[in-house]
Structures are given as C-alpha cells and as structure tokens.
$ cat final_37.cif   # mmCIF, C-alpha atoms and all ligand atoms
data_coords
#
loop_
_atom_site.label_atom_id
_atom_site.label_comp_id
_atom_site.auth_asym_id
_atom_site.auth_seq_id
_atom_site.Cartn_x
_atom_site.Cartn_y
_atom_site.Cartn_z
CA MET O 1 -3.74 -10.26 -217.40
CA THR O 2 -7.12 -8.59 -217.82
CA ARG O 3 -6.93 -5.57 -220.03
CA LEU O 4 -8.37 -2.20 -219.30
CA SER O 5 -8.36 -0.04 -222.40
CA SER O 6 -10.65 2.81 -221.42
CA LEU O 7 -11.08 5.21 -218.53
CA THR O 8 -14.28 7.14 -218.05
CA MET O 9 -13.30 10.26 -216.14
CA LYS O 10 -16.16 11.78 -214.17
CA VAL O 11 -14.47 15.16 -214.24
CA ALA O 12 -17.48 17.05 -212.82
CA SER O 13 -19.72 15.57 -210.15
CA ARG O 14 -22.51 18.13 -210.70
CA CYS O 15 -24.63 19.03 -213.71
CA ASN O 16 -26.23 22.24 -214.96
CA LEU O 17 -29.32 20.15 -215.83
CA ASN O 18 -31.57 18.09 -213.58
CA CYS O 19 -33.09 15.52 -215.94
CA THR O 20 -36.08 13.86 -214.35
CA TYR O 21 -34.82 10.29 -214.87
CA CYS O 22 -31.09 10.86 -214.21
CA TYR O 23 -29.54 7.79 -212.57
CA VAL O 24 -26.92 9.94 -210.84
CA TYR O 25 -29.05 12.57 -209.14
CA ASN O 26 -32.60 11.28 -209.19
CA ALA O 27 -32.22 7.58 -208.44
CA LYS O 28 -30.85 5.76 -205.41
CA ASP O 29 -27.26 6.92 -205.22
CA ASP O 30 -26.14 10.05 -203.39
CA ALA O 31 -22.34 9.60 -203.26
CA TRP O 32 -21.97 12.65 -205.54
CA ARG O 33 -23.00 14.96 -202.69
CA SER O 34 -19.74 14.47 -200.79
CA ARG O 35 -17.40 14.59 -203.79
CA PRO O 36 -15.47 17.58 -205.18
CA LYS O 37 -17.45 19.42 -207.82
CA ILE O 38 -14.55 19.31 -210.30
CA MET O 39 -11.71 16.80 -210.52
CA SER O 40 -8.33 18.24 -209.53
CA ASP O 41 -5.25 18.21 -211.76
CA ILE O 42 -3.62 15.87 -209.22
CA VAL O 43 -6.38 13.27 -209.51
CA PHE O 44 -6.48 13.55 -213.30
CA LEU O 45 -2.74 13.04 -213.63
CA ALA O 46 -2.75 10.15 -211.13
CA ALA O 47 -5.47 8.37 -213.12
CA ILE O 48 -3.58 8.80 -216.38
CA LYS O 49 -0.36 7.50 -214.81
CA ARG O 50 -2.25 4.48 -213.39
CA LEU O 51 -3.60 3.77 -216.86
CA ALA O 52 -0.09 3.99 -218.34
CA GLU O 53 1.24 1.56 -215.68
CA HIS O 54 -1.56 -0.86 -216.44
CA ALA O 55 -1.20 -0.58 -220.22
CA ARG O 56 2.55 -1.20 -219.98
CA ALA O 57 2.12 -4.25 -217.76
CA SER O 58 -0.71 -5.74 -219.84
CA ASN O 59 0.58 -4.63 -223.25
CA THR O 60 -2.74 -2.90 -223.97
CA ARG O 61 -3.15 -0.41 -226.78
CA PRO O 62 -4.69 1.81 -228.00
CA LEU O 63 -6.27 3.59 -225.02
CA ARG O 64 -9.32 5.75 -224.70
CA ILE O 65 -10.29 8.54 -222.29
CA ILE O 66 -13.97 9.45 -222.03
CA PHE O 67 -14.90 12.71 -220.29
CA HIS O 68 -18.13 12.24 -218.38
CA GLY O 69 -19.98 13.67 -215.42
CA GLY O 70 -22.24 15.17 -214.13
CA GLU O 71 -21.66 17.51 -217.02
CA PRO O 72 -18.04 17.32 -218.21
CA THR O 73 -18.07 20.68 -220.03
CA LEU O 74 -18.30 22.36 -216.62
CA VAL O 75 -14.51 21.96 -216.40
CA GLY O 76 -14.12 24.62 -219.12
CA SER O 77 -12.28 24.52 -222.43
CA GLU O 78 -8.84 25.56 -221.13
CA ARG O 79 -8.65 22.83 -218.50
CA LEU O 80 -10.00 20.26 -220.96
CA ALA O 81 -7.30 21.17 -223.48
CA ARG O 82 -4.61 21.02 -220.79
CA TRP O 83 -5.75 17.58 -219.65
CA CYS O 84 -5.81 16.27 -223.22
CA GLU O 85 -2.22 17.50 -223.72
CA ILE O 86 -1.19 15.72 -220.51
CA ALA O 87 -2.92 12.49 -221.53
CA ARG O 88 -1.38 12.59 -225.01
CA GLU O 89 2.08 13.07 -223.55
CA GLU O 90 1.79 10.47 -220.78
CA LEU O 91 0.13 7.88 -223.05
CA ALA O 92 2.04 8.62 -226.27
CA GLU O 93 3.58 5.15 -226.48
CA PHE O 94 0.14 3.49 -226.50
CA GLY O 95 -1.89 5.89 -228.64
CA VAL O 96 -4.88 7.57 -227.04
CA SER O 97 -8.22 8.84 -228.31
CA PHE O 98 -10.79 11.02 -226.57
CA GLY O 99 -14.55 11.01 -226.19
CA ILE O 100 -17.03 13.17 -224.30
CA GLN O 101 -20.61 12.49 -223.22
CA THR O 102 -22.41 15.78 -222.70
CA ASN O 103 -25.88 17.26 -222.37
CA GLY O 104 -24.88 19.60 -225.21
CA THR O 105 -26.06 22.83 -223.59
CA ARG O 106 -22.67 24.46 -223.03
CA PHE O 107 -20.86 24.32 -226.36
CA THR O 108 -18.91 27.47 -227.17
CA LYS O 109 -16.53 28.19 -230.04
CA PRO O 110 -13.40 27.71 -227.85
CA LEU O 111 -14.75 24.41 -226.50
CA VAL O 112 -15.62 23.17 -229.98
CA GLU O 113 -12.09 24.08 -231.10
CA VAL O 114 -10.67 21.86 -228.33
CA LEU O 115 -12.94 19.00 -229.37
CA LYS O 116 -11.79 19.42 -232.95
CA LYS O 117 -8.10 19.74 -232.10
CA PHE O 118 -8.10 16.49 -230.12
CA ALA O 119 -10.44 14.64 -232.53
CA PHE O 120 -13.02 13.91 -229.84
CA SER O 121 -15.92 11.63 -230.49
CA VAL O 122 -18.85 13.57 -229.09
CA GLY O 123 -22.07 12.12 -227.68
CA VAL O 124 -24.97 14.52 -227.09
CA SER O 125 -28.17 13.56 -225.27
CA ILE O 126 -31.45 14.47 -226.98
CA ASP O 127 -34.69 12.78 -226.07
CA GLY O 128 -36.77 13.58 -229.15
CA PRO O 129 -38.62 16.60 -230.52
CA ARG O 130 -38.41 19.85 -228.54
CA ALA O 131 -41.67 19.43 -226.60
CA ILE O 132 -40.72 15.93 -225.42
CA HIS O 133 -37.05 16.69 -224.76
CA ASP O 134 -38.06 19.72 -222.70
CA ARG O 135 -40.29 17.61 -220.46
CA PHE O 136 -37.38 15.52 -219.23
CA ARG O 137 -34.11 17.32 -219.83
CA VAL O 138 -34.60 20.43 -217.71
CA THR O 139 -32.50 22.93 -215.78
CA HIS O 140 -32.65 23.06 -211.97
CA ALA O 141 -35.30 25.78 -212.45
CA GLY O 142 -37.39 23.40 -214.58
CA LYS O 143 -36.69 25.08 -217.95
CA GLY O 144 -36.31 22.89 -221.04
CA SER O 145 -32.85 22.65 -222.62
CA TYR O 146 -33.63 21.87 -226.28
CA GLY O 147 -32.84 25.39 -227.55
CA GLU O 148 -29.33 25.36 -226.05
CA VAL O 149 -28.61 21.88 -227.39
CA PHE O 150 -29.85 22.85 -230.85
CA ARG O 151 -27.52 25.86 -230.86
CA GLY O 152 -24.64 23.65 -229.66
CA LEU O 153 -25.13 21.15 -232.48
CA ALA O 154 -25.00 24.00 -234.99
CA LEU O 155 -21.58 24.99 -233.61
CA LEU O 156 -20.37 21.38 -233.97
CA ARG O 157 -21.62 21.18 -237.56
CA GLU O 158 -20.06 24.52 -238.44
CA ALA O 159 -16.68 23.27 -237.17
CA HIS O 160 -17.12 19.84 -238.83
CA VAL O 161 -16.93 18.03 -235.49
CA PRO O 162 -18.83 14.72 -235.82
CA TYR O 163 -21.32 13.82 -233.11
CA ALA O 164 -23.61 11.02 -232.01
CA VAL O 165 -27.07 11.59 -230.56
CA LEU O 166 -28.02 9.51 -227.52
CA SER O 167 -31.73 9.31 -226.90
CA VAL O 168 -33.43 7.75 -223.89
CA LEU O 169 -36.64 6.14 -225.15
CA ASN O 170 -39.92 7.34 -223.64
CA MET O 171 -42.40 6.37 -226.42
CA LEU O 172 -44.23 9.72 -226.18
CA THR O 173 -43.48 10.39 -229.84
CA PRO O 174 -44.47 8.04 -232.67
CA ALA O 175 -41.37 6.02 -233.65
CA LYS O 176 -41.26 7.53 -237.14
CA THR O 177 -41.43 11.08 -235.77
CA LEU O 178 -38.60 10.36 -233.32
CA TYR O 179 -36.47 8.79 -236.04
CA ASP O 180 -37.05 11.63 -238.52
CA ASP O 181 -36.55 14.31 -235.89
CA ILE O 182 -33.22 12.95 -234.77
CA MET O 183 -32.04 12.30 -238.31
CA ALA O 184 -32.88 15.94 -239.12
CA LEU O 185 -30.20 16.92 -236.57
CA LYS O 186 -27.64 15.31 -238.94
CA PRO O 187 -25.92 13.06 -236.40
CA ASP O 188 -23.03 10.80 -237.41
CA ALA O 189 -24.40 8.04 -235.17
CA ILE O 190 -27.47 7.42 -233.00
CA SER O 191 -27.90 5.41 -229.79
CA TYR O 192 -31.37 4.65 -228.51
CA LEU O 193 -31.12 3.92 -224.80
CA LEU O 194 -33.47 1.74 -222.79
CA PRO O 195 -34.56 3.49 -219.58
CA ASP O 196 -32.52 2.34 -216.58
CA TYR O 197 -34.30 0.51 -213.77
CA SER O 198 -33.65 -2.56 -211.66
CA HIS O 199 -36.28 -5.26 -211.08
CA ASP O 200 -37.09 -3.50 -207.80
CA THR O 201 -37.97 -0.20 -209.48
CA PHE O 202 -39.26 -1.31 -212.90
CA PRO O 203 -42.60 0.49 -213.41
CA ILE O 204 -45.62 -1.72 -213.97
CA THR O 205 -46.51 0.44 -216.99
CA CYS O 206 -43.30 -0.65 -218.75
CA ARG O 207 -43.96 -4.38 -218.52
CA ASP O 208 -46.35 -4.76 -221.44
CA GLY O 209 -43.79 -5.26 -224.23
CA ARG O 210 -44.66 -1.97 -225.94
CA LEU O 211 -41.03 -0.84 -225.93
CA GLY O 212 -40.11 -3.92 -227.96
CA GLU O 213 -42.72 -3.02 -230.56
CA TYR O 214 -41.55 0.59 -230.61
CA LEU O 215 -37.93 -0.51 -231.13
CA GLN O 216 -39.02 -2.71 -234.04
CA GLU O 217 -40.64 0.34 -235.65
CA LEU O 218 -37.47 2.36 -235.15
CA PHE O 219 -35.40 -0.48 -236.61
CA ASP O 220 -37.61 -0.57 -239.71
CA GLU O 221 -37.16 3.18 -240.24
CA TRP O 222 -33.37 2.64 -240.22
CA TRP O 223 -33.69 -0.44 -242.45
CA PHE O 224 -36.10 0.92 -245.04
CA GLN O 225 -35.22 4.65 -245.22
CA GLY O 226 -31.83 4.03 -246.81
CA THR O 227 -30.06 5.49 -243.77
CA MET O 228 -28.03 2.44 -242.72
CA ARG O 229 -24.76 4.25 -243.37
CA ILE O 230 -25.47 5.98 -240.02
CA PRO O 231 -24.66 3.48 -237.25
CA VAL O 232 -27.71 3.16 -235.01
CA GLN O 233 -27.42 1.32 -231.69
CA PRO O 234 -28.51 -1.06 -230.34
CA PHE O 235 -29.55 -2.29 -233.81
CA ARG O 236 -26.07 -2.49 -235.29
CA ALA O 237 -24.76 -4.39 -232.27
CA MET O 238 -27.70 -6.81 -232.42
CA ALA O 239 -27.16 -7.40 -236.13
CA SER O 240 -23.47 -8.03 -235.45
CA LEU O 241 -24.33 -10.60 -232.77
CA ILE O 242 -26.93 -12.32 -234.95
CA MET O 243 -24.38 -12.53 -237.78
CA GLY O 244 -21.92 -14.33 -235.48
CA GLY O 245 -19.84 -11.31 -234.40
CA ASN O 246 -19.10 -10.03 -230.94
CA SER O 247 -21.08 -7.59 -228.86
CA THR O 248 -19.98 -4.04 -229.65
CA VAL O 249 -21.95 -2.47 -226.79
CA ASP O 250 -21.98 -3.17 -223.06
CA ILE O 251 -25.72 -3.86 -222.93
CA PHE O 252 -25.41 -7.35 -224.43
CA GLY O 253 -23.27 -10.34 -223.57
CA ASN O 254 -21.10 -11.16 -220.60
CA ASP O 255 -17.60 -10.32 -221.81
CA PRO O 256 -15.36 -8.28 -219.49
CA LEU O 257 -16.40 -4.63 -219.75
CA GLY O 258 -12.77 -3.48 -219.93
CA PHE O 259 -13.44 0.06 -218.69
CA ILE O 260 -13.78 1.73 -215.32
CA PHE O 261 -14.92 5.06 -213.97
CA ILE O 262 -12.82 7.53 -211.99
CA GLU O 263 -14.82 9.83 -209.73
CA THR O 264 -13.80 13.46 -209.06
CA ASP O 265 -12.09 12.43 -205.79
CA GLY O 266 -10.14 9.67 -207.56
CA THR O 267 -12.30 6.73 -206.45
CA ILE O 268 -12.09 3.80 -208.86
CA GLU O 269 -15.57 2.52 -209.66
CA PRO O 270 -17.19 0.02 -212.02
CA LEU O 271 -20.03 0.64 -214.49
CA ASP O 272 -21.69 3.88 -213.39
CA VAL O 273 -25.26 2.83 -214.20
CA LEU O 274 -25.11 0.22 -211.41
CA LYS O 275 -26.08 3.22 -209.28
CA VAL O 276 -29.71 2.55 -210.21
CA CYS O 277 -29.56 -0.72 -208.24
CA GLU O 278 -28.69 0.41 -204.71
CA ASN O 279 -27.23 3.43 -203.00
CA GLY O 280 -23.45 2.91 -202.83
CA MET O 281 -23.48 -0.06 -205.24
CA THR O 282 -20.47 1.27 -207.16
CA LEU O 283 -18.42 2.41 -204.15
CA THR O 284 -14.98 0.84 -203.72
CA PRO O 285 -12.15 1.47 -201.24
CA PHE O 286 -9.74 2.03 -204.16
CA ASN O 287 -8.48 5.42 -205.28
CA VAL O 288 -6.01 6.33 -208.03
CA LEU O 289 -4.07 8.43 -205.50
CA THR O 290 -3.16 5.30 -203.52
CA ASN O 291 -4.02 2.25 -205.63
CA GLY O 292 -3.10 0.85 -209.02
CA PHE O 293 -5.86 -0.71 -211.13
CA GLU O 294 -4.43 -4.14 -210.29
CA ASP O 295 -5.57 -3.66 -206.66
CA TYR O 296 -9.10 -3.29 -207.94
CA THR O 297 -8.66 -6.26 -210.29
CA ARG O 298 -7.95 -8.46 -207.28
CA SER O 299 -10.95 -7.29 -205.28
CA ASN O 300 -13.83 -9.69 -204.98
CA SER O 301 -16.70 -7.38 -205.92
CA ILE O 302 -19.33 -7.99 -208.58
CA GLY O 303 -18.27 -4.74 -210.29
CA ALA O 304 -14.61 -5.81 -210.53
CA LYS O 305 -15.66 -9.22 -211.83
CA ALA O 306 -17.87 -7.65 -214.51
CA THR O 307 -15.04 -5.28 -215.46
CA PHE O 308 -12.15 -7.71 -215.64
CA GLN O 309 -13.51 -11.26 -215.91
CA GLY O 310 -17.02 -10.88 -217.27
CA SER O 311 -20.46 -11.62 -215.83
CA ASP O 312 -22.42 -14.85 -215.48
CA LEU O 313 -25.36 -15.66 -217.69
CA PRO O 314 -28.48 -15.43 -215.50
CA SER O 315 -29.69 -18.96 -214.78
CA ALA O 316 -33.16 -18.25 -216.23
CA CYS O 317 -31.52 -17.27 -219.55
CA ALA O 318 -29.78 -20.65 -219.99
CA THR O 319 -32.49 -22.09 -222.22
CA CYS O 320 -33.26 -18.88 -224.11
CA PRO O 321 -32.48 -19.03 -227.85
CA GLU O 322 -30.84 -15.60 -227.52
CA ALA O 323 -28.59 -16.62 -224.60
CA SER O 324 -25.45 -16.34 -226.75
CA THR O 325 -26.44 -12.98 -228.25
CA CYS O 326 -28.39 -11.04 -225.60
CA GLY O 327 -26.66 -12.79 -222.71
CA GLY O 328 -29.17 -11.55 -220.13
CA GLY O 329 -29.11 -7.89 -221.17
CA TYR O 330 -27.55 -4.90 -219.45
CA LEU O 331 -26.12 -5.68 -216.00
CA PRO O 332 -28.05 -3.03 -214.01
CA HIS O 333 -31.30 -4.16 -215.64
CA ARG O 334 -30.77 -7.68 -214.22
CA TYR O 335 -30.59 -6.64 -210.58
CA SER O 336 -33.10 -7.41 -207.84
CA ARG O 337 -32.61 -7.17 -204.11
CA GLY O 338 -33.64 -10.81 -203.72
CA ARG O 339 -31.50 -12.48 -206.40
CA GLY O 340 -28.74 -10.01 -207.12
CA PHE O 341 -27.85 -10.12 -210.83
CA ASP O 342 -29.22 -13.61 -211.43
CA ASN O 343 -32.29 -12.41 -213.34
CA PRO O 344 -33.04 -11.85 -217.03
CA SER O 345 -33.17 -8.19 -218.06
CA ILE O 346 -36.23 -6.21 -217.04
CA TRP O 347 -36.57 -5.60 -220.80
CA CYS O 348 -36.37 -9.35 -221.62
CA ARG O 349 -39.71 -9.51 -223.41
CA ASP O 350 -38.86 -6.44 -225.49
CA LEU O 351 -35.35 -7.65 -226.33
CA LYS O 352 -36.57 -11.10 -227.37
CA ALA O 353 -39.11 -9.54 -229.72
CA LEU O 354 -36.53 -7.16 -231.17
CA PHE O 355 -33.92 -9.90 -231.71
CA SER O 356 -36.57 -11.97 -233.43
CA HIS O 357 -37.56 -9.03 -235.66
CA ILE O 358 -33.98 -8.28 -236.69
CA ARG O 359 -33.37 -12.01 -237.34
CA HIS O 360 -36.37 -11.98 -239.62
CA ARG O 361 -35.08 -8.95 -241.55
CA LEU O 362 -31.58 -10.48 -241.83
CA ALA O 363 -33.02 -13.95 -242.56
CA VAL O 364 -30.65 -15.56 -240.05
CA PRO O 365 -32.21 -18.28 -237.86
CA HIS O 366 -30.66 -19.21 -234.49
CA PRO O 367 -28.63 -22.26 -235.65
CA GLU O 368 -27.04 -20.17 -238.40
CA THR O 369 -25.77 -17.65 -235.84
CA GLU O 370 -23.89 -20.44 -234.06
CA LEU O 371 -22.50 -21.82 -237.30
CA ARG O 372 -21.37 -18.35 -238.40
CA ARG O 373 -19.70 -17.77 -235.04
CA GLN O 374 -17.78 -21.04 -235.27
CA ILE O 375 -16.64 -20.32 -238.81
CA LEU O 376 -15.61 -16.74 -238.07
CA ARG O 377 -13.66 -17.86 -234.99
CA SER O 378 -11.88 -20.61 -236.87
CA LEU O 379 -10.98 -18.15 -239.63
CA HIS O 380 -9.58 -15.46 -237.39
CA GLU O 381 -9.22 -16.93 -233.92
CA VAL O 382 -9.63 -13.40 -232.61
CA LYS O 383 -12.59 -11.28 -231.59
CA ILE O 384 -14.57 -10.30 -234.62
CA GLU O 385 -16.91 -7.42 -235.15
CA VAL O 386 -19.13 -7.87 -238.17
S1 LIG D 1 -33.89 -12.36 -224.17
FE1 LIG D 1 -34.39 -12.53 -221.97
S2 LIG D 1 -34.16 -14.71 -221.43
FE2 LIG D 1 -33.10 -14.33 -223.40
S3 LIG D 1 -30.96 -13.94 -222.84
FE3 LIG D 1 -32.01 -11.93 -223.02
S4 LIG D 1 -32.72 -11.46 -220.96
FE4 LIG D 1 -32.21 -13.67 -220.99
#
$ encode --input "final_37.cif" --output "structure tokens"
Amino acid sequence: MTRLSSLTMKVASRCNLNCTYCYVYNAKDDAWRSRPKIMSDIVFLAAIKRLAEHARASNTRPLRIIFHGGEPTLVGSERLARWCEIAREELAEFGVSFGIQTNGTRFTKPLVEVLKKFAFSVGVSIDGPRAIHDRFRVTHAGKGSYGEVFRGLALLREAHVPYAVLSVLNMLTPAKTLYDDIMALKPDAISYLLPDYSHDTFPITCRDGRLGEYLQELFDEWWFQGTMRIPVQPFRAMASLIMGGNSTVDIFGNDPLGFIFIETDGTIEPLDVLKVCENGMTLTPFNVLTNGFEDYTRSNSIGAKATFQGSDLPSACATCPEASTCGGGYLPHRYSRGRGFDNPSIWCRDLKALFSHIRHRLAVPHPETELRRQILRSLHEVKIEV
C-alpha cells in the first residue's frame, strides 16, 4: 500500500500579503475564491481522522502535519494550539510532528509560545535584502513587509524557536549579498526556491541560463564560507543525490511525493504548486468529509499518480547524464499545454550547470554516482539519505 506520511493543511485560504508572484492568487488558479476563509474544526478533525485510518492500514509512522495557506497564522494562536492538541491525541500511536510555512508578518508572543510548545519547524519566506523583499512581498495596499518579518524573526530567536528561511530567487541582488543578508538573519536552514512557471508561462528573460550561474555562486558561498553546518537547499539535496543517496526534496526525482494538501473546505488535492499549470489543475472530487485517502489513491489523475506511485521521467531526459539525479526537475516546471508533463524542467539548462558544478566540487563523476548508489543499496536495502 502506498504510504502517505504528511498532510499539508491549507488552514486559511486567504493571505494578509499579496506577493506579486504568488502561485495561489496571482497565477492561473482561482479556486480559493469560493472556499471558506478559515478551515472549520469539523474539517480539521475529519482530515486528522482520515490520516489516522490511513496510517493504521498502511503501518505508516511517524506522521507530519504542515500548516499552510494562504497565511496559516490567520487562524490565531488559540485555534492553532487546540488543533495541535487534537492531532497529538488522535495520532498518538504513530507519533506526529508539526511544521508551518508562513510569511512571518504575524508572529506574536502567544503564537511563538504555541510554536515552541509543539516543537514546530518553522519556514519563513524572505526574498533578500529589505529593498528587494519589499518589491515583491507586499500587503494588499502595496506596502513592503520586511519590517514585520524582521520583528517576527526576533521573537522566534528570543524564544529559541528554530526557523528556516525560504527565498524565491530573483537575481536582483548579487549572490554574495543575498547569501550574507540571509545568513545575518541567523536561520537554522535555508531554501532557495526556483520561480514557479510552466513551459507555457516561462518568461523569455529567464531562458538564458543566468539562474544556473547565480546558483553556482550561491553554492560556492555555502561551500567556502565555512557555513555548511546550516543545511541549504537545493544544494544539500543535490549533493545527496550525487553521492548516491535519495532525493530529500520534491523538486528532484520521480519517487512518490507521499503528501497531500487539504483545502479549507476539506477537498483533497495533490501538490499545490501544480496550480501554476492550469486553472483547476489540482481540483479533485474527493473531500475528507466523505472520502478516505484510499479513494483518492485509486483515482486515475496525474496528481494522484505523482503522490502515490511516482512520476515518469520525461522522455527527453532519458539520455541526460543527470536523469537519475535530477529526474526531470520539479513536476509543475515540466508542464506544457501541448505535452503535459512530458518535458524537461523549464530550468533544465540551469539545473544541468548546477549539478555539474556541485559534481566538480565533490569530485564525483557520473559513473561514480551509480556505483555509490548500488553499493549503498546493497548495504542497507532501504532508502538512504546521505
Ligand atoms: S537536467 Fe534537464 S534533461 Fe537532465 S534530467 Fe534534469 S530536466 Fe531532464
């Protein structure tokens, strides 16, 4: 049976920010308009019970609940604490951990206390130095949000709540400045995110391979500054893959994703970012109020296949030397109206250059990756993360 170990709960369908590039509000999808603003207790409890049913039947443990949105802190600290208590109780036999992905503008002392009490892993979005961040991550009135986020991070640090910074790359800051600026915020982890487009919307200005060069510069800052104790993605995942390990992020490889999204009305959906492909791409007829996750497992959609069985390697990637590491890149980045998901990533050129750069630093040529993978598998015969 395919295992589902993580639920991403879209507990708020709206956001207090209106980031210019947001794939929820400013791309193709508009399903959020007709959904409740905040998830109800009934939907939350139904989702948790569905997860418990599934975990029992598939013998899956431990489990993970990620609070997501919109902006998940809009649910307020009291409700968040209540939901965490419910999840802990209902999922006690499996073990459960919590995460939250937030824009970081609404941290308060009571909220931070909840995050601390339930040992949340916290991801906060920051797109670079104040002037750059404030160009993209704005309120509905167009005001930059850096000041609020900066204050929020101070509250987290004061309470010793660890946090990761997630940064969508825009290349408006020199790589070294971006790296130093984010490191100065004292994160416990960093994720650099490639902008989300499909082949149909990929801007012509992004096709020149500059992002690949920029990522190589960022990688070298991590590599040479003596800061490798801080996990930085996607570099750590790429190094793991090159060294024969498994993909530790969903942007590489074709393994089953193993997580789903629950919308505020209870709809069960696959990978949220598929919303950049087409309006309604993630919609399903399944809802936690009436369906178990097994109903979705049996559905024939591309999202269910990616979630439970894994995706196909795009045919054009078959002869690529990074086919077994990159695997075609992030699923939404493969999509075109003409060929569906049977395309290499829009960022193919950039990824190839970055893989090659990291290989060079690690001194691991392609045949060695395969040899390492075979040896590691024969040693453990389980999934290995290096
Ligand atoms: S680098 Fe490009 S061709 Fe190679 S696997 Fe990735 S997307 Fe496919």
$ residues_near_ligand --input "final_37.cif" --ligand "ligand LIG 1 (chain D)" --cutoff "6 Å" --atoms "all atoms listed in the file" --output "PDB file with C-alpha atoms, keeping the file's coordinate frame"
ATOM      1  CA  CYS O 317     -31.520 -17.270-219.550  1.00  0.00           C
ATOM      2  CA  CYS O 320     -33.260 -18.880-224.110  1.00  0.00           C
ATOM      3  CA  GLU O 322     -30.840 -15.600-227.520  1.00  0.00           C
ATOM      4  CA  ALA O 323     -28.590 -16.620-224.600  1.00  0.00           C
ATOM      5  CA  CYS O 326     -28.390 -11.040-225.600  1.00  0.00           C
ATOM      6  CA  GLY O 327     -26.660 -12.790-222.710  1.00  0.00           C
ATOM      7  CA  GLY O 328     -29.170 -11.550-220.130  1.00  0.00           C
ATOM      8  CA  GLY O 329     -29.110  -7.890-221.170  1.00  0.00           C
ATOM      9  CA  PRO O 344     -33.040 -11.850-217.030  1.00  0.00           C
ATOM     10  CA  SER O 345     -33.170  -8.190-218.060  1.00  0.00           C
ATOM     11  CA  CYS O 348     -36.370  -9.350-221.620  1.00  0.00           C
ATOM     12  CA  LEU O 351     -35.350  -7.650-226.330  1.00  0.00           C
ATOM     13  CA  LYS O 352     -36.570 -11.100-227.370  1.00  0.00           C
TER      14      LYS O 352
END
$ closest_residue --input "final_37.cif" --among "O:Lys37, O:His360, O:Arg14, O:Arg334" --to "Thr201 (chain O)" --atoms "all atoms listed in the file"
O:Arg334
$ residues_around --input "final_37.cif" --residues "Gly142 (chain O)" --least-positions-apart "4" --cutoff "12 Å" --atoms "all atoms listed in the file" --output "VMD selection string"
chain O and resid 16 to 20 134 to 138
$ closest_residue --input "final_37.cif" --among "O:Gln216, O:Thr369, O:Ser40, O:Ser301" --to "Pro321 (chain O)" --atoms "only C-alpha atoms"
O:Thr369
$ atom_distance --input "final_37.cif" --atom1 "CA of Ile66 (chain O)" --atom2 "CA of Val122 (chain O)"
9.5 Å
$ closest_residue --input "final_37.cif" --among "O:Arg372, O:Asn59, O:Phe252, O:Arg151" --to "Glu93 (chain O)" --atoms "all atoms listed in the file"
O:Asn59
$ closest_residue --input "final_37.cif" --among "O:Asp30, O:Asp312, O:Glu368, O:Glu263" --to "Ala12 (chain O)" --atoms "all atoms listed in the file"
O:Glu263
